[in-house]
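> I'd like to ask some things about the structure below.
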Amino acid sequence: MFIKTDRLIITEFDKSMIESVYINSLDEDIRRFVPDEVFATLDEAKETVEKLIACYQNDTGPFVYPVILKDGKNIGYVQAVQTGNDWELGYHIAREHTGKGYATEAVTAFLPVIMKQLEIAMIYGICHAENIASQKVLDKSGFILEYNGTDYYQDVETEICRYRRYKG
């Protein structure tokens with residue numbers, strides 16, 4: 001996959017990105033909202049990146065792609081993860097780069113490509129109810145809120161917002 005926008009490049013991981021993945025995993029927002037994506041060591045990040053690279057060869061994913069600024073700096077990721085018979089969108093932009101529209105730009109560019117690749121007509125977006133920034137990204141990216149309440153998210157019962165978006 002290779003997607004180019006005005007400010008970003010979305011492409012496949014390679015081993016040269018391991019250190020930036022590790023550093024991005026230490027971001028305060030990752031620790032707060034996606035704690036299972038925090039790596040304690042560089043070796044943990046290396047192992048995960050190698051697994052993600054291998055996933056590009058299957059049809060079940062997860063399909064995780066780095067979001068890179070035009071200057072080459074890895075600032076986050078977008079992903080599609082299979083959950084049962086459905087697919088869920090995920091994304092993260094490092095805190096120092098938030099508030100600049102990068103997440104919305106990445107998600108908006110990524111969705112048509114990944115939905116076509118996966119041959120799906122609908123994808124979910126789920127976030128913590130307190131994560132207002134993610135709610136705004138989903139709203140701006142054409143998702144419709146379908147549920148706001150208590151549910152399990154990352155194996156923890158919590159307040160969530162569940163959105164869905166249809167192809168097109």
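In the structure tokens, chains take the letters A, B, ... in the order shown, each chain's residues start at 1, and ligands count up from 1 in the order shown.
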I need the strand (DSSP E or B) residues of range 37-83 of chain A per DSSP on the backbone, written as a list in words.
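Residues of range 37-83 of chain A classed as strand (DSSP E or B): Phe63, Val64, Tyr65, Pro66, Val67, Ile68, Leu69, Asn74, Ile75, Gly76, Tyr77, Val78, Gln79, Ala80, Val81, Gln82 and Thr83 of chain A.
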> Please list as an mmCIF file with N, CA and C atoms, in the first residue's frame every residue within 9 Å of range 102-117 of chain A, counting only C-alpha atoms and excluding residues in the same chain fewer than 2 positions away.

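The resulting file, result25.cif, is shown below:
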```cif
data_model
loop_
_atom_site.group_PDB
_atom_site.id
_atom_site.type_symbol
_atom_site.label_atom_id
_atom_site.label_comp_id
_atom_site.auth_asym_id
_atom_site.auth_seq_id
_atom_site.Cartn_x
_atom_site.Cartn_y
_atom_site.Cartn_z
ATOM 1 N N MET A 1 0.850 -1.179 0.000
ATOM 2 C CA MET A 1 0.000 0.000 0.000
ATOM 3 C C MET A 1 0.891 1.236 0.000
ATOM 4 N N ILE A 3 -0.132 5.384 -0.148
ATOM 5 C CA ILE A 3 -1.093 6.477 -0.305
ATOM 6 C C ILE A 3 -0.354 7.768 -0.014
ATOM 7 N N LYS A 4 -0.526 8.727 -0.893
ATOM 8 C CA LYS A 4 0.112 10.026 -0.716
ATOM 9 C C LYS A 4 -0.983 11.084 -0.662
ATOM 10 N N THR A 5 -0.933 11.943 0.366
ATOM 11 C CA THR A 5 -1.848 13.071 0.470
ATOM 12 C C THR A 5 -1.019 14.350 0.358
ATOM 13 N N ASP A 6 -1.650 15.476 0.580
ATOM 14 C CA ASP A 6 -0.909 16.738 0.512
ATOM 15 C C ASP A 6 0.249 16.780 1.501
ATOM 16 N N ARG A 7 0.045 16.181 2.697
ATOM 17 C CA ARG A 7 1.063 16.295 3.745
ATOM 18 C C ARG A 7 1.611 14.968 4.245
ATOM 19 N N LEU A 8 0.985 13.866 3.858
ATOM 20 C CA LEU A 8 1.299 12.572 4.467
ATOM 21 C C LEU A 8 1.573 11.490 3.437
ATOM 22 N N ILE A 9 2.258 10.456 3.916
ATOM 23 C CA ILE A 9 2.434 9.214 3.172
ATOM 24 C C ILE A 9 1.991 8.084 4.095
ATOM 25 N N ILE A 10 1.167 7.199 3.566
ATOM 26 C CA ILE A 10 0.736 5.996 4.285
ATOM 27 C C ILE A 10 1.277 4.824 3.479
ATOM 28 N N PHE A 63 -4.080 -5.074 9.575
ATOM 29 C CA PHE A 63 -3.384 -4.297 8.562
ATOM 30 C C PHE A 63 -3.086 -2.919 9.132
ATOM 31 N N VAL A 67 1.890 6.308 9.390
ATOM 32 C CA VAL A 67 1.566 7.619 8.824
ATOM 33 C C VAL A 67 2.838 8.450 8.933
ATOM 34 N N GLY A 76 2.649 8.232 13.423
ATOM 35 C CA GLY A 76 1.535 7.428 13.918
ATOM 36 C C GLY A 76 1.195 6.301 12.969
ATOM 37 N N TYR A 77 -0.081 5.898 12.999
ATOM 38 C CA TYR A 77 -0.515 4.789 12.150
ATOM 39 C C TYR A 77 -2.014 4.870 11.894
ATOM 40 N N VAL A 78 -2.441 4.146 10.874
ATOM 41 C CA VAL A 78 -3.843 3.824 10.633
ATOM 42 C C VAL A 78 -3.903 2.315 10.493
ATOM 43 N N GLN A 79 -5.058 1.741 10.826
ATOM 44 C CA GLN A 79 -5.152 0.286 10.756
ATOM 45 C C GLN A 79 -6.583 -0.170 10.528
ATOM 46 N N ALA A 80 -6.695 -1.380 10.012
ATOM 47 C CA ALA A 80 -7.966 -2.092 9.928
ATOM 48 C C ALA A 80 -7.745 -3.436 10.604
ATOM 49 N N LEU A 89 -11.698 0.262 12.262
ATOM 50 C CA LEU A 89 -10.652 1.228 11.965
ATOM 51 C C LEU A 89 -9.955 1.615 13.256
ATOM 52 N N GLY A 90 -8.660 1.795 13.192
ATOM 53 C CA GLY A 90 -7.901 2.332 14.316
ATOM 54 C C GLY A 90 -6.899 3.336 13.795
ATOM 55 N N TYR A 91 -6.476 4.241 14.648
ATOM 56 C CA TYR A 91 -5.494 5.245 14.243
ATOM 57 C C TYR A 91 -4.918 5.900 15.478
ATOM 58 N N HIS A 92 -3.729 6.440 15.307
ATOM 59 C CA HIS A 92 -3.113 7.243 16.364
ATOM 60 C C HIS A 92 -2.101 8.180 15.723
ATOM 61 N N ILE A 93 -2.111 9.408 16.176
ATOM 62 C CA ILE A 93 -1.111 10.394 15.782
ATOM 63 C C ILE A 93 -0.419 10.841 17.067
ATOM 64 N N HIS A 97 1.971 16.035 17.317
ATOM 65 C CA HIS A 97 1.465 16.330 15.970
ATOM 66 C C HIS A 97 -0.060 16.408 15.915
ATOM 67 N N THR A 98 -0.727 16.331 17.061
ATOM 68 C CA THR A 98 -2.187 16.403 17.062
ATOM 69 C C THR A 98 -2.659 17.842 16.893
ATOM 70 N N GLY A 99 -3.921 17.969 16.538
ATOM 71 C CA GLY A 99 -4.515 19.287 16.365
ATOM 72 C C GLY A 99 -4.188 19.933 15.028
ATOM 73 N N LYS A 100 -3.576 19.172 14.127
ATOM 74 C CA LYS A 100 -3.189 19.714 12.819
ATOM 75 C C LYS A 100 -3.965 19.061 11.676
ATOM 76 N N GLU A 119 -12.589 -5.648 0.417
ATOM 77 C CA GLU A 119 -13.891 -5.924 -0.200
ATOM 78 C C GLU A 119 -15.009 -5.873 0.834
ATOM 79 N N ILE A 120 -15.026 -4.777 1.613
ATOM 80 C CA ILE A 120 -16.055 -4.594 2.635
ATOM 81 C C ILE A 120 -16.861 -3.334 2.332
ATOM 82 N N ALA A 121 -18.113 -3.350 2.759
ATOM 83 C CA ALA A 121 -19.004 -2.211 2.531
ATOM 84 C C ALA A 121 -19.162 -1.345 3.772
ATOM 85 N N MET A 122 -18.700 -1.848 4.935
ATOM 86 C CA MET A 122 -18.881 -1.113 6.183
ATOM 87 C C MET A 122 -17.697 -1.377 7.107
ATOM 88 N N ILE A 123 -17.338 -0.351 7.873
ATOM 89 C CA ILE A 123 -16.261 -0.479 8.857
ATOM 90 C C ILE A 123 -16.653 0.302 10.106
ATOM 91 N N SER A 134 -10.776 11.818 19.023
ATOM 92 C CA SER A 134 -11.092 10.702 18.129
ATOM 93 C C SER A 134 -12.529 10.785 17.626
ATOM 94 N N LYS A 136 -14.128 13.488 17.010
ATOM 95 C CA LYS A 136 -14.117 14.508 15.955
ATOM 96 C C LYS A 136 -13.539 13.954 14.656
ATOM 97 N N VAL A 137 -12.482 13.152 14.759
ATOM 98 C CA VAL A 137 -11.894 12.544 13.561
ATOM 99 C C VAL A 137 -12.929 11.665 12.868
ATOM 100 N N LEU A 138 -13.621 10.831 13.631
ATOM 101 C CA LEU A 138 -14.620 9.945 13.042
ATOM 102 C C LEU A 138 -15.762 10.740 12.420
ATOM 103 N N LYS A 140 -15.667 13.825 11.216
ATOM 104 C CA LYS A 140 -15.166 14.508 10.016
ATOM 105 C C LYS A 140 -14.875 13.535 8.874
ATOM 106 N N SER A 141 -14.688 12.261 9.210
ATOM 107 C CA SER A 141 -14.343 11.251 8.207
ATOM 108 C C SER A 141 -15.565 10.499 7.692
ATOM 109 N N GLY A 142 -16.751 10.995 8.020
ATOM 110 C CA GLY A 142 -17.969 10.416 7.461
ATOM 111 C C GLY A 142 -18.586 9.278 8.244
ATOM 112 N N LYS A 167 -19.216 2.268 2.696
ATOM 113 C CA LYS A 167 -18.432 2.562 1.500
ATOM 114 C C LYS A 167 -19.123 3.654 0.681
ATOM 115 N N GLY A 168 -18.295 4.502 0.097
ATOM 116 C CA GLY A 168 -18.866 5.490 -0.816
ATOM 117 C C GLY A 168 -18.961 6.878 -0.292
#
```
> Taking only C-alpha atoms into account, name the residue in A:Asn58, A:Arg164, A:Tyr153, A:Ile18 that is nearest to Trp87 in chain A.
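The closest residue to Trp87 in chain A is A:Arg164.
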> Enter the distance from CA of Ile132 in chain A to CA of Tyr163 in chain A, in Å, rounded to one decimal.
13.2 Å
> A:Ala133, A:Tyr22, A:Leu145, A:Asp43: which is nearest Gly101 in chain A, counting only C-alpha atoms?
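That would be A:Ala133, the residue with the smallest distance to Gly101 in chain A.
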> Quick one, how far is CA of Ile144 in chain A from CA of Pro66 in chain A?
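Value for the CA of Ile144 in chain A-CA of Pro66 in chain A distance: 25.2 Å.
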> Contacts of Ile53 in chain A at 12 Å or less, counting only C-alpha atoms, minus same-chain residues fewer than 4 places along, as a list in words?
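In the requested format, the answer is Met1, Thr11, Glu12, Phe13, Asp14, Lys15, Ser16, Met17, Ile18, Lys46, Glu47, Thr48, Val49, Gln57, Asn58, Gly61, Pro62, Phe63, Val64, Tyr65 and Pro66 of chain A.
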> Choose the residue, out of A:Glu96, A:Glu146, A:Asp155, A:Glu50, that has the smallest atom-to-atom separation from Ile126 in chain A; count only C-alpha atoms.
A:Glu146
> Report as a PyMOL selection string: the residues of range 24-125 of chain A with a DSSP assignment of helix (DSSP H, G or I), based on the backbone of this structure.
chain A and resi 24-25+28-33+35-37+42-55+95-97+102-118
> Tell me, in Å to one decimal, how far CA of Tyr166 in chain A is from CA of Asp139 in chain A.
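One can read the CA of Tyr166 in chain A to CA of Asp139 in chain A distance as 13.0 Å.
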